[in-house]
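Enquirer: Got a structure for you, my_file-v2.tsv, holding TSV, C-alpha atoms.
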```tsv
chain	number	residue	atom	x	y	z
A	1	MET	CA	26.32	105.19	63.23
A	2	SER	CA	28.45	102.68	65.17
A	3	PHE	CA	31.94	102.47	63.68
A	4	SER	CA	32.91	99.39	61.70
A	5	ALA	CA	35.79	99.58	59.24
A	6	ASP	CA	34.57	96.39	57.54
A	7	LYS	CA	31.13	97.92	56.94
A	8	ILE	CA	32.69	101.18	55.78
A	9	LYS	CA	34.92	99.33	53.32
A	10	ALA	CA	31.77	97.98	51.63
A	11	ASP	CA	30.91	101.57	50.62
A	12	PHE	CA	34.03	101.73	48.43
A	13	MET	CA	33.53	99.63	45.31
A	14	ILE	CA	37.10	100.08	44.10
A	15	LEU	CA	38.41	98.15	47.11
A	16	ASN	CA	36.50	95.04	46.07
A	17	GLN	CA	38.96	93.89	43.42
A	18	LEU	CA	42.06	91.78	42.90
A	19	VAL	CA	45.46	93.26	42.09
A	20	ASN	CA	48.00	90.77	40.74
A	21	GLU	CA	45.49	88.06	41.76
A	22	GLU	CA	45.56	89.29	45.38
A	23	PRO	CA	42.82	91.19	47.27
A	24	LEU	CA	43.60	94.90	47.08
A	25	VAL	CA	44.93	96.53	50.25
A	26	TYR	CA	45.03	100.25	49.49
A	27	LEU	CA	47.55	102.08	51.68
A	28	ASP	CA	48.32	105.17	49.58
A	29	ASN	CA	45.75	107.41	51.24
A	30	ALA	CA	48.15	110.28	51.88
A	31	ALA	CA	48.41	110.62	48.10
A	32	THR	CA	44.68	110.30	47.44
A	33	SER	CA	41.74	108.59	49.13
A	34	GLN	CA	39.12	106.39	47.55
A	35	LYS	CA	35.52	107.60	47.07
A	36	PRO	CA	32.38	106.12	48.66
A	37	THR	CA	29.33	105.32	46.57
A	38	THR	CA	27.48	108.36	47.96
A	39	VAL	CA	30.10	110.72	46.54
A	40	LEU	CA	30.05	108.98	43.15
A	41	ALA	CA	26.25	109.16	43.16
A	42	ALA	CA	26.23	112.88	44.01
A	43	VAL	CA	28.52	113.71	41.09
A	44	GLU	CA	26.53	111.50	38.71
A	45	GLN	CA	23.23	112.99	39.89
A	46	TYR	CA	24.47	116.50	39.16
A	47	TYR	CA	25.46	115.59	35.60
A	48	ARG	CA	22.34	113.52	34.98
A	49	GLN	CA	19.74	115.91	36.41
A	50	ASN	CA	21.13	119.37	37.21
A	51	ASN	CA	23.96	120.04	34.77
A	52	ALA	CA	24.06	123.81	34.22
A	53	ASN	CA	26.36	126.71	34.96
A	54	VAL	CA	26.09	128.42	38.33
A	55	HIS	CA	25.18	131.99	39.31
A	56	ARG	CA	24.39	132.96	35.72
A	57	GLY	CA	20.99	131.58	34.78
A	58	VAL	CA	17.45	131.97	36.04
A	59	HIS	CA	16.20	128.72	34.56
A	60	THR	CA	15.46	125.73	36.77
A	61	LEU	CA	18.63	123.73	36.12
A	62	ALA	CA	20.86	126.74	36.76
A	63	GLU	CA	19.07	127.47	40.01
A	64	ARG	CA	19.40	123.85	41.14
A	65	ALA	CA	23.11	123.74	40.26
A	66	THR	CA	23.76	127.04	42.03
A	67	ALA	CA	21.92	125.87	45.14
A	68	GLN	CA	23.96	122.64	45.27
A	69	TYR	CA	27.23	124.47	44.66
A	70	GLU	CA	26.66	127.05	47.38
A	71	ALA	CA	25.33	124.38	49.76
A	72	ALA	CA	28.68	122.63	49.37
A	73	ARG	CA	30.44	125.85	50.34
A	74	GLN	CA	28.31	126.08	53.48
A	75	LYS	CA	29.11	122.46	54.32
A	76	ALA	CA	32.82	123.23	54.02
A	77	GLN	CA	32.37	126.31	56.19
A	78	HIS	CA	30.72	124.35	58.98
A	79	PHE	CA	33.15	121.45	58.62
A	80	ILE	CA	36.18	123.64	59.41
A	81	HIS	CA	34.17	126.03	61.63
A	82	ALA	CA	34.80	129.17	59.58
A	83	LYS	CA	32.91	132.24	60.75
A	84	GLU	CA	31.06	132.66	57.44
A	85	SER	CA	30.83	131.02	54.03
A	86	ALA	CA	32.37	134.10	52.39
A	87	GLU	CA	35.69	133.00	53.94
A	88	VAL	CA	35.59	129.71	52.00
A	89	LEU	CA	37.02	129.87	48.47
A	90	PHE	CA	36.81	126.91	46.11
A	91	THR	CA	40.11	126.14	44.36
A	92	ARG	CA	41.60	123.20	42.47
A	93	GLY	CA	43.22	121.93	45.66
A	94	THR	CA	45.83	122.67	48.30
A	95	THR	CA	48.51	123.54	45.76
A	96	THR	CA	46.33	126.15	44.07
A	97	SER	CA	45.24	127.54	47.44
A	98	LEU	CA	48.82	128.06	48.62
A	99	ASN	CA	49.80	129.61	45.30
A	100	TRP	CA	46.90	132.07	45.56
A	101	VAL	CA	48.08	133.23	48.98
A	102	ALA	CA	51.68	133.60	47.80
A	103	LYS	CA	50.78	135.42	44.60
A	104	SER	CA	48.11	137.71	45.98
A	105	TYR	CA	48.64	138.31	49.69
A	106	GLY	CA	52.38	137.69	49.49
A	107	GLU	CA	52.93	140.11	46.63
A	108	ALA	CA	51.03	142.81	48.52
A	109	VAL	CA	52.80	142.59	51.88
A	110	VAL	CA	56.31	141.20	51.32
A	111	GLN	CA	58.95	143.84	50.63
A	112	PRO	CA	62.68	143.50	49.88
A	113	GLY	CA	64.49	142.25	52.96
A	114	ASP	CA	61.35	140.83	54.58
A	115	GLU	CA	61.31	137.24	55.76
A	116	ILE	CA	59.15	134.22	54.93
A	117	VAL	CA	59.40	131.26	57.30
A	118	ILE	CA	58.56	127.64	56.47
A	119	SER	CA	59.83	124.30	57.82
A	120	ILE	CA	62.13	121.63	56.47
A	121	MET	CA	59.26	119.09	56.62
A	122	GLU	CA	57.10	120.89	54.03
A	123	HIS	CA	55.61	119.40	50.86
A	124	HIS	CA	56.93	121.01	47.68
A	125	SER	CA	53.57	122.74	47.30
A	126	ASN	CA	54.40	124.66	50.47
A	127	ILE	CA	58.00	125.36	49.46
A	128	VAL	CA	58.14	126.34	45.81
A	129	PRO	CA	55.49	129.13	45.90
A	130	TRP	CA	57.42	130.81	48.74
A	131	GLN	CA	60.75	130.34	46.95
A	132	GLN	CA	59.29	132.11	43.93
A	133	LEU	CA	57.76	134.88	46.04
A	134	ALA	CA	61.08	135.43	47.82
A	135	LYS	CA	62.86	135.72	44.46
A	136	ARG	CA	60.30	138.13	43.03
A	137	ARG	CA	60.24	140.36	46.11
A	138	ARG	CA	63.94	139.93	47.04
A	139	ALA	CA	62.89	138.54	50.42
A	140	VAL	CA	64.60	135.97	52.65
A	141	LEU	CA	63.22	132.42	52.91
A	142	LYS	CA	64.05	130.78	56.25
A	143	TYR	CA	63.54	127.21	57.48
A	144	ILE	CA	62.48	125.79	60.82
A	145	ASP	CA	64.34	122.58	61.68
A	146	ILE	CA	63.00	119.34	63.17
A	147	THR	CA	64.11	117.56	66.32
A	148	PRO	CA	65.89	114.17	66.25
A	149	GLU	CA	62.47	112.59	66.97
A	150	GLY	CA	60.97	114.22	63.87
A	151	LEU	CA	58.93	116.89	65.63
A	152	LEU	CA	58.86	120.53	64.60
A	153	ASP	CA	61.61	122.24	66.61
A	154	MET	CA	59.76	124.96	68.51
A	155	ASP	CA	63.01	126.60	69.63
A	156	SER	CA	64.05	126.82	65.99
A	157	LEU	CA	60.68	128.41	65.21
A	158	ARG	CA	61.13	131.03	67.91
A	159	ASN	CA	64.65	131.78	66.68
A	160	GLN	CA	63.48	132.29	63.11
A	161	LEU	CA	60.75	134.79	64.00
A	162	THR	CA	61.88	138.42	63.83
A	163	ASN	CA	60.32	141.82	63.24
A	164	LYS	CA	60.98	141.25	59.54
A	165	THR	CA	58.84	138.08	59.40
A	166	LYS	CA	55.73	138.66	57.28
A	167	ILE	CA	54.49	135.12	56.53
A	168	VAL	CA	54.89	131.74	58.23
A	169	SER	CA	53.56	128.75	56.29
A	170	LEU	CA	53.49	125.26	57.81
A	171	ALA	CA	51.88	121.86	57.40
A	172	HIS	CA	49.31	120.92	60.02
A	173	VAL	CA	50.36	117.28	59.52
A	174	SER	CA	53.52	116.19	57.71
A	175	ASN	CA	52.87	113.98	54.68
A	176	VAL	CA	56.11	112.09	55.45
A	177	LEU	CA	56.58	112.07	59.21
A	178	GLY	CA	52.89	111.92	60.10
A	179	VAL	CA	53.61	114.37	62.90
A	180	VAL	CA	50.80	116.70	64.02
A	181	ASN	CA	52.14	120.21	64.53
A	182	PRO	CA	50.83	122.38	67.42
A	183	ILE	CA	49.16	124.93	65.15
A	184	GLN	CA	47.31	126.85	67.87
A	185	GLU	CA	50.51	127.45	69.83
A	186	ILE	CA	52.34	128.34	66.63
A	187	ALA	CA	49.62	130.83	65.64
A	188	HIS	CA	50.08	132.64	68.95
A	189	LEU	CA	53.84	132.95	68.42
A	190	VAL	CA	53.44	134.05	64.81
A	191	HIS	CA	50.88	136.72	65.67
A	192	GLU	CA	53.07	138.00	68.51
A	193	ALA	CA	55.75	138.55	65.88
A	194	GLY	CA	53.30	140.52	63.75
A	195	ALA	CA	53.14	137.95	60.94
A	196	VAL	CA	50.35	135.84	59.46
A	197	LEU	CA	50.11	132.05	59.57
A	198	VAL	CA	49.30	129.98	56.49
A	199	VAL	CA	48.54	126.30	57.08
A	200	ASP	CA	48.70	123.38	54.66
A	201	GLY	CA	45.88	121.21	56.00
A	202	ALA	CA	45.86	118.58	53.26
A	203	GLN	CA	46.87	115.77	55.63
A	204	ALA	CA	44.89	117.04	58.62
A	205	VAL	CA	41.32	117.72	57.51
A	206	PRO	CA	40.67	114.12	56.36
A	207	HIS	CA	41.77	112.68	59.70
A	208	GLN	CA	40.84	115.00	62.57
A	209	LYS	CA	38.53	117.82	63.51
A	210	VAL	CA	39.75	121.24	62.40
A	211	ASP	CA	38.41	124.49	63.84
A	212	VAL	CA	40.07	127.39	62.05
A	213	GLN	CA	38.70	129.92	64.52
A	214	GLU	CA	39.98	128.01	67.54
A	215	LEU	CA	43.35	127.49	65.87
A	216	ASP	CA	43.36	131.21	64.96
A	217	VAL	CA	45.01	130.57	61.59
A	218	ASP	CA	44.95	133.31	58.97
A	219	PHE	CA	44.80	131.03	55.92
A	220	TYR	CA	44.08	127.29	55.75
A	221	ALA	CA	44.24	125.10	52.62
A	222	PHE	CA	43.03	121.56	51.94
A	223	SER	CA	42.07	119.21	49.10
A	224	GLY	CA	38.89	117.25	48.45
A	225	HIS	CA	40.54	114.18	46.95
A	226	LYS	CA	42.36	113.31	50.18
A	227	MET	CA	39.10	113.34	52.17
A	228	LEU	CA	36.93	110.99	50.08
A	229	GLY	CA	35.97	113.68	47.56
A	230	PRO	CA	36.72	114.18	43.86
A	231	THR	CA	40.00	115.39	42.41
A	232	GLY	CA	40.32	118.96	41.18
A	233	ILE	CA	38.48	120.59	44.08
A	234	GLY	CA	39.84	122.16	47.24
A	235	VAL	CA	39.35	124.99	49.68
A	236	LEU	CA	41.22	128.07	50.71
A	237	TYR	CA	39.98	129.53	53.98
A	238	GLY	CA	41.02	133.06	54.85
A	239	LYS	CA	40.01	135.57	57.48
A	240	ARG	CA	37.66	138.07	55.88
A	241	HIS	CA	39.78	141.15	56.49
A	242	LEU	CA	42.77	139.48	54.80
A	243	LEU	CA	40.77	138.22	51.81
A	244	GLU	CA	39.30	141.70	51.33
A	245	GLN	CA	42.83	143.11	51.08
A	246	MET	CA	43.79	140.65	48.38
A	247	GLU	CA	43.49	141.04	44.64
A	248	PRO	CA	42.19	138.10	42.58
A	249	VAL	CA	44.81	135.88	40.96
A	250	GLU	CA	42.66	134.96	37.95
A	251	PHE	CA	40.40	137.25	35.96
A	252	GLY	CA	37.46	136.69	33.64
A	253	GLY	CA	33.80	135.89	33.83
A	254	GLU	CA	31.85	135.33	37.02
A	255	MET	CA	34.21	137.23	39.35
A	256	ILE	CA	33.47	140.69	37.98
A	257	ASP	CA	30.93	143.27	39.07
A	258	ILE	CA	31.23	145.98	36.38
A	259	VAL	CA	33.40	145.94	33.26
A	260	THR	CA	33.97	149.03	31.11
A	261	GLU	CA	36.38	149.39	28.21
A	262	GLN	CA	39.30	150.30	30.47
A	263	GLU	CA	38.38	149.31	34.03
A	264	SER	CA	36.73	146.51	36.00
A	265	THR	CA	35.51	145.99	39.52
A	266	TRP	CA	35.14	142.73	41.38
A	267	LYS	CA	32.27	140.91	43.05
A	268	GLU	CA	32.19	140.57	46.81
A	269	LEU	CA	33.66	137.60	48.68
A	270	PRO	CA	33.97	134.76	47.93
A	271	TRP	CA	33.12	135.09	44.26
A	272	LYS	CA	35.76	137.71	43.38
A	273	PHE	CA	38.36	134.91	43.47
A	274	GLU	CA	36.45	132.31	41.45
A	275	ALA	CA	36.89	133.31	37.82
A	276	GLY	CA	35.25	131.29	35.06
A	277	THR	CA	33.11	128.21	35.29
A	278	PRO	CA	34.10	126.45	38.53
A	279	ASN	CA	34.40	122.74	39.21
A	280	ILE	CA	30.71	122.48	40.06
A	281	ALA	CA	30.57	118.69	40.15
A	282	GLY	CA	33.74	118.61	42.25
A	283	ALA	CA	32.28	120.99	44.81
A	284	ILE	CA	29.08	118.95	45.02
A	285	GLY	CA	31.17	115.80	45.41
A	286	LEU	CA	33.16	117.48	48.18
A	287	GLY	CA	29.91	118.34	49.92
A	288	ALA	CA	28.87	114.69	49.72
A	289	ALA	CA	32.25	113.63	51.12
A	290	ILE	CA	31.78	115.98	54.07
A	291	ASP	CA	28.33	114.48	54.64
A	292	TYR	CA	29.85	111.00	54.64
A	293	MET	CA	32.62	111.93	57.06
A	294	GLU	CA	30.18	113.57	59.43
A	295	THR	CA	27.88	110.53	59.31
A	296	VAL	CA	30.79	108.25	60.20
A	297	GLY	CA	32.10	110.77	62.73
A	298	VAL	CA	35.43	112.57	62.40
A	299	ASP	CA	36.35	111.73	65.99
A	300	ASP	CA	35.67	108.06	65.24
A	301	ILE	CA	37.84	108.25	62.13
A	302	GLN	CA	40.71	109.67	64.17
A	303	GLN	CA	40.23	107.09	66.93
A	304	HIS	CA	40.12	104.25	64.39
A	305	GLU	CA	43.42	105.33	62.86
A	306	LYS	CA	44.97	105.65	66.31
A	307	GLU	CA	43.89	102.12	67.20
A	308	LEU	CA	45.23	100.80	63.89
A	309	MET	CA	48.62	102.39	64.63
A	310	GLN	CA	48.65	100.91	68.13
A	311	TYR	CA	47.90	97.49	66.61
A	312	LEU	CA	50.46	97.86	63.83
A	313	TRP	CA	53.37	99.56	65.57
A	314	PRO	CA	54.76	96.64	67.64
A	315	LYS	CA	54.55	94.36	64.60
A	316	LEU	CA	56.59	96.81	62.51
A	317	THR	CA	59.19	97.61	65.15
A	318	ALA	CA	59.87	93.88	65.52
A	319	ILE	CA	61.11	93.67	61.90
A	320	PRO	CA	64.95	93.82	61.80
A	321	GLY	CA	66.43	96.41	59.45
A	322	LEU	CA	63.27	98.54	59.29
A	323	THR	CA	63.74	102.28	59.87
A	324	ILE	CA	60.58	104.27	60.56
A	325	TYR	CA	60.78	108.06	60.27
A	326	GLY	CA	58.95	110.41	62.61
A	327	PRO	CA	58.01	110.33	66.29
A	328	LYS	CA	57.70	107.07	68.17
A	329	ASP	CA	54.96	108.55	70.37
A	330	LEU	CA	51.79	107.52	68.52
A	331	ASN	CA	49.85	110.36	70.16
A	332	GLN	CA	51.95	112.79	68.13
A	333	ARG	CA	51.33	111.27	64.71
A	334	THR	CA	48.61	110.13	62.32
A	335	GLY	CA	48.25	106.94	60.26
A	336	ILE	CA	51.28	107.69	58.05
A	337	ILE	CA	54.19	105.23	58.25
A	338	THR	CA	57.23	106.26	56.21
A	339	PHE	CA	60.08	103.78	56.32
A	340	ASN	CA	63.05	102.16	54.64
A	341	LEU	CA	64.14	98.53	54.60
A	342	GLU	CA	67.90	98.23	54.97
A	343	GLY	CA	69.62	97.38	51.71
A	344	ILE	CA	66.47	97.49	49.56
A	345	HIS	CA	65.54	100.43	47.33
A	346	PRO	CA	62.11	101.91	48.13
A	347	HIS	CA	60.88	101.39	44.58
A	348	ASP	CA	61.80	97.71	44.79
A	349	VAL	CA	59.90	97.48	48.08
A	350	ALA	CA	56.81	99.11	46.59
A	351	THR	CA	56.95	96.92	43.48
A	352	ALA	CA	57.26	93.75	45.52
A	353	MET	CA	54.44	94.84	47.83
A	354	ASP	CA	52.22	95.51	44.81
A	355	MET	CA	52.78	91.92	43.71
A	356	GLU	CA	51.17	90.97	47.04
A	357	GLY	CA	48.22	93.31	46.35
A	358	VAL	CA	49.40	96.03	48.76
A	359	ALA	CA	49.44	99.55	47.29
A	360	ILE	CA	51.97	101.84	48.96
A	361	ARG	CA	54.05	104.84	47.89
A	362	ALA	CA	57.77	105.08	47.11
A	363	GLY	CA	59.90	108.10	46.27
A	364	ASN	CA	60.68	111.46	47.82
A	365	HIS	CA	56.98	112.21	48.52
A	366	CYS	CA	57.36	115.75	47.14
A	367	ALA	CA	59.55	116.55	50.14
A	368	GLN	CA	63.14	116.51	48.87
A	369	PRO	CA	64.54	118.92	51.50
A	370	LEU	CA	63.13	116.67	54.24
A	371	MET	CA	64.56	113.56	52.58
A	372	THR	CA	67.97	115.25	52.56
A	373	ARG	CA	67.54	116.22	56.21
A	374	LEU	CA	66.68	112.60	57.08
A	375	GLY	CA	69.72	111.36	55.19
A	376	CYS	CA	67.88	109.37	52.54
A	377	GLY	CA	67.13	110.15	48.93
A	378	SER	CA	63.78	108.40	49.03
A	379	SER	CA	61.60	106.23	51.23
A	380	THR	CA	58.50	104.06	51.26
A	381	ARG	CA	55.18	105.18	52.75
A	382	ALA	CA	52.08	103.37	53.89
A	383	SER	CA	49.15	105.59	54.88
A	384	PHE	CA	45.98	104.31	56.51
A	385	TYR	CA	42.45	105.68	56.45
A	386	VAL	CA	38.87	105.09	57.54
A	387	TYR	CA	38.27	101.94	55.44
A	388	ASN	CA	41.50	100.16	56.40
A	389	THR	CA	41.15	97.24	58.80
A	390	THR	CA	43.39	95.22	61.10
A	391	ALA	CA	43.34	92.58	58.34
A	392	ASP	CA	44.85	95.20	56.01
A	393	ALA	CA	47.50	95.93	58.63
A	394	ASP	CA	48.29	92.22	58.93
A	395	LYS	CA	48.58	91.84	55.15
A	396	PHE	CA	50.88	94.86	55.04
A	397	VAL	CA	53.21	93.34	57.65
A	398	GLU	CA	53.13	89.92	55.96
A	399	ALA	CA	53.96	91.43	52.57
A	400	LEU	CA	56.74	93.52	54.10
A	401	ILE	CA	58.34	90.47	55.71
A	402	ALA	CA	57.98	88.49	52.47
A	403	THR	CA	59.62	91.34	50.55
A	404	LYS	CA	62.52	91.47	53.01
A	405	GLU	CA	63.02	87.72	52.74
A	406	PHE	CA	62.85	87.78	48.95
A	407	PHE	CA	65.62	90.36	48.63
A	408	SER	CA	67.67	88.80	51.40
A	409	TYR	CA	67.42	85.15	50.39
A	410	GLY	CA	65.99	85.05	46.91
A	411	THR	CA	62.77	83.29	47.93
A	412	ILE	CA	59.26	84.55	48.48
```
Please express the file's structure as structure tokens.

Expert:
Amino acid sequence: MSFSADKIKADFMILNQLVNEEPLVYLDNAATSQKPTTVLAAVEQYYRQNNANVHRGVHTLAERATAQYEAARQKAQHFIHAKESAEVLFTRGTTTSLNWVAKSYGEAVVQPGDEIVISIMEHHSNIVPWQQLAKRRRAVLKYIDITPEGLLDMDSLRNQLTNKTKIVSLAHVSNVLGVVNPIQEIAHLVHEAGAVLVVDGAQAVPHQKVDVQELDVDFYAFSGHKMLGPTGIGVLYGKRHLLEQMEPVEFGGEMIDIVTEQESTWKELPWKFEAGTPNIAGAIGLGAAIDYMETVGVDDIQQHEKELMQYLWPKLTAIPGLTIYGPKDLNQRTGIITFNLEGIHPHDVATAMDMEGVAIRAGNHCAQPLMTRLGCGSSTRASFYVYNTTADADKFVEALIATKEFFSYGTI
């Protein structure tokens, strides 16, 4: 289909409403995206026509539900170019995926004195699980720094890698800086050091093509709700030989093969990790979201966001007192704009913008170490996506200028 953000916006019913008597401009996509009508319809159709548990029944509804659920897994496999669907595990989201790797793989390979390496730009979901693993295993948690421009410092990465490094875990795209990290190059360095690379892809998969085989990552995690899908569903990709080494994190029905009074054995991949009744509707909704993204074209989505940033950037940089965090080179970042207005608290900015109908984020963005590194306790973030238009960008700038004037002069 030919790309038109205005036509795409019509597929999202939630965007056709007033907020504080103003047309809604939704710019909190890094937190969660909106859902097109096709995704809503897929979830409703499952509950209306095929609602049954998966893998357990031989009746018609169970077979339909199982077919839809496993078809969604295959869609996810092809979407990230995994070698086989057995390498795609359904989880609750990126946070759960990263916790699974830390608790299962991490517990198995990290010994006292070993090193885990992450970066200062990580989301808390890619910090806290490794902190806890390091405490449990008496390991050392090390941080890669960023450059003054907000890029991952590759020299710092090289300096942190030693023969004691077992795991390196990094964001593909920073949820604050919007910077795209060179994951393929990083994977090469990490593997040379004899470690494995875990990637938080929550902010990458919705916005650009991801090929886990080309990147040569060992584990890759992402969430459905940031890529037009439902909440409560996500994916953990892992190379087969690593997943086969891992023990399940949760135990119960569905993931077992044989249970005796004292012992149990597990099913084969991927089902040995998916205990209990899964989020069937969520997986089906994720499959529908993948269908939608592929119909629009992931390359077109990425190009649209790039063009929006090129349109928006000179308008923002012309505003006095506005500090934007992250690289100035738009080729090195996505549609995330994190900023502060001099003398105005981020929460006041976000509240004032909401009065103008513009939904943005304020706070530490679950990245407190990065906020400390940047020298600010909190900041404001606008994040653009496939359904945002140049008119949205204009409204954002107008509301930002009005907010600045209100707090500077008392008029709006």

Enquirer: For Ile256 of chain A, which residue out of A:Ala275, A:Ala393, A:Met371, A:Leu269 is the nearest one, using all atoms listed in the file?

Expert: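 Among the listed residues, the smallest separation from Ile256 of chain A belongs to A:Ala275.
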
Enquirer: Can you tell me, as an mmCIF file with C-alpha atoms, in the coordinates of the input, what residues are no more than 12 Å from Pro23 of chain A when counting all atoms listed in the file, ignoring any on the same chain fewer than 6 positions away?

Expert:
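Ended up saving to part29.cif:
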```
data_model
loop_
_atom_site.group_PDB
_atom_site.id
_atom_site.type_symbol
_atom_site.label_atom_id
_atom_site.label_comp_id
_atom_site.auth_asym_id
_atom_site.auth_seq_id
_atom_site.Cartn_x
_atom_site.Cartn_y
_atom_site.Cartn_z
ATOM 1 C CA ILE A 14 37.100 100.080 44.100
ATOM 2 C CA LEU A 15 38.410 98.150 47.110
ATOM 3 C CA ASN A 16 36.500 95.040 46.070
ATOM 4 C CA GLN A 17 38.960 93.890 43.420
ATOM 5 C CA ASP A 354 52.220 95.510 44.810
ATOM 6 C CA MET A 355 52.780 91.920 43.710
ATOM 7 C CA GLU A 356 51.170 90.970 47.040
ATOM 8 C CA GLY A 357 48.220 93.310 46.350
ATOM 9 C CA VAL A 358 49.400 96.030 48.760
ATOM 10 C CA ALA A 359 49.440 99.550 47.290
ATOM 11 C CA ALA A 391 43.340 92.580 58.340
ATOM 12 C CA ASP A 392 44.850 95.200 56.010
ATOM 13 C CA LYS A 395 48.580 91.840 55.150
ATOM 14 C CA PHE A 396 50.880 94.860 55.040
#
```

Enquirer: Do you have, as CSV, the list of residues of segment 256-314 of chain A lying at most 10 Å from segment 24-46 of chain A, each with its nearest atom pair and that distance in Å to one decimal, counting all atoms listed in the file and ordered by chain then number?

Expert:
```
residue,atom,partner,partner_atom,distance
A:Ile280,CA,A:Tyr46,CA,8.7
A:Ala281,CA,A:Val43,CA,5.5
A:Gly282,CA,A:Val43,CA,7.3
A:Ala283,CA,A:Val43,CA,9.0
A:Ile284,CA,A:Val43,CA,6.6
A:Gly285,CA,A:Val39,CA,5.3
A:Leu286,CA,A:Val39,CA,7.6
A:Gly287,CA,A:Val39,CA,8.3
A:Ala288,CA,A:Val39,CA,5.2
A:Ala289,CA,A:Val39,CA,5.8
A:Ile290,CA,A:Val39,CA,9.3
A:Asp291,CA,A:Thr38,CA,9.1
A:Tyr292,CA,A:Thr38,CA,7.6
```

Enquirer: To one decimal place, how far is atom CA of Val176 of chain A from atom CA of Thr338 of chain A in Å?

Expert: 6.0 Å

Enquirer: Could the residues of segment 235-319 of chain A that have an atom at most 9 Å from segment 334-337 of chain A be listed as a Markdown table, each with its closest atom pair and the distance in Å to one decimal, counting all atoms listed in the file and ordered by chain and ascending residue number?

Expert:
```
| residue | atom | partner | partner_atom | distance |
| --- | --- | --- | --- | --- |
| A:Gln302 | CA | A:Thr334 | CA | 8.1 |
| A:Glu305 | CA | A:Gly335 | CA | 5.7 |
| A:Lys306 | CA | A:Gly335 | CA | 7.0 |
| A:Leu308 | CA | A:Gly335 | CA | 7.7 |
| A:Met309 | CA | A:Gly335 | CA | 6.3 |
```

Enquirer: For Gln332 of chain A, which residue among A:Arg138, A:Lys75, A:Lys103, A:His172 is the nearest when counting all atoms listed in the file?

Expert: A:His172

Enquirer: Show which residues sit within 8 Å of segment 152-159 of chain A, as a PDB file with C-alpha atoms, in the coordinates of the input. Count only C-alpha atoms, and ignore same-chain residues fewer than 5 positions away.

Expert:
```pdb
ATOM      1  CA  SER A 119      59.830 124.300  57.820  1.00  0.00           C
ATOM      2  CA  ILE A 144      62.480 125.790  60.820  1.00  0.00           C
ATOM      3  CA  ASP A 145      64.340 122.580  61.680  1.00  0.00           C
ATOM      4  CA  ILE A 146      63.000 119.340  63.170  1.00  0.00           C
ATOM      5  CA  THR A 147      64.110 117.560  66.320  1.00  0.00           C
ATOM      6  CA  ASN A 181      52.140 120.210  64.530  1.00  0.00           C
ATOM      7  CA  LEU A 189      53.840 132.950  68.420  1.00  0.00           C
TER       8      LEU A 189
END
```

Enquirer: Between A:Ala350, A:Leu215, A:Val117, A:Leu170, which residue has the minimum interatomic distance to Gly201 of chain A, considering only C-alpha atoms?

Expert: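 Smallest distance to Gly201 of chain A is found for A:Leu170.
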
Enquirer: Write out as a count of residues only each polymer residue whose atoms come within 12 Å of Gln111 of chain A, counting all atoms listed in the file; drop sequence neighbours fewer than 4 positions from it.

Expert: 17

Enquirer: Give me the residues within 12 Å of Met353 of chain A as a VMD selection string, counting only C-alpha atoms and dropping any in the same chain fewer than 4 places off.

Expert: chain A and resid 19 to 20 22 24 to 27 346 to 349 357 to 362 380 to 382 395 to 404 406 412

Enquirer: Would you kindly identify which residues have an atom no farther than 10 Å from (52.9, 135.9, 66.1), using all atoms listed in the file and the file's own coordinates, and write them out as JSON, numbers by chain?

Expert: {"A": [158, 161, 162, 163, 165, 166, 167, 168, 185, 186, 187, 188, 189, 190, 191, 192, 193, 194, 195, 196, 197]}

Enquirer: Write out as a PyMOL selection string the residues lying within 12 Å of Thr95 of chain A, counting all atoms listed in the file and excluding same-chain residues fewer than 3 positions away.

Expert: chain A and resi 91-92+98-102+123-130+199-202+220-224+232-236+366
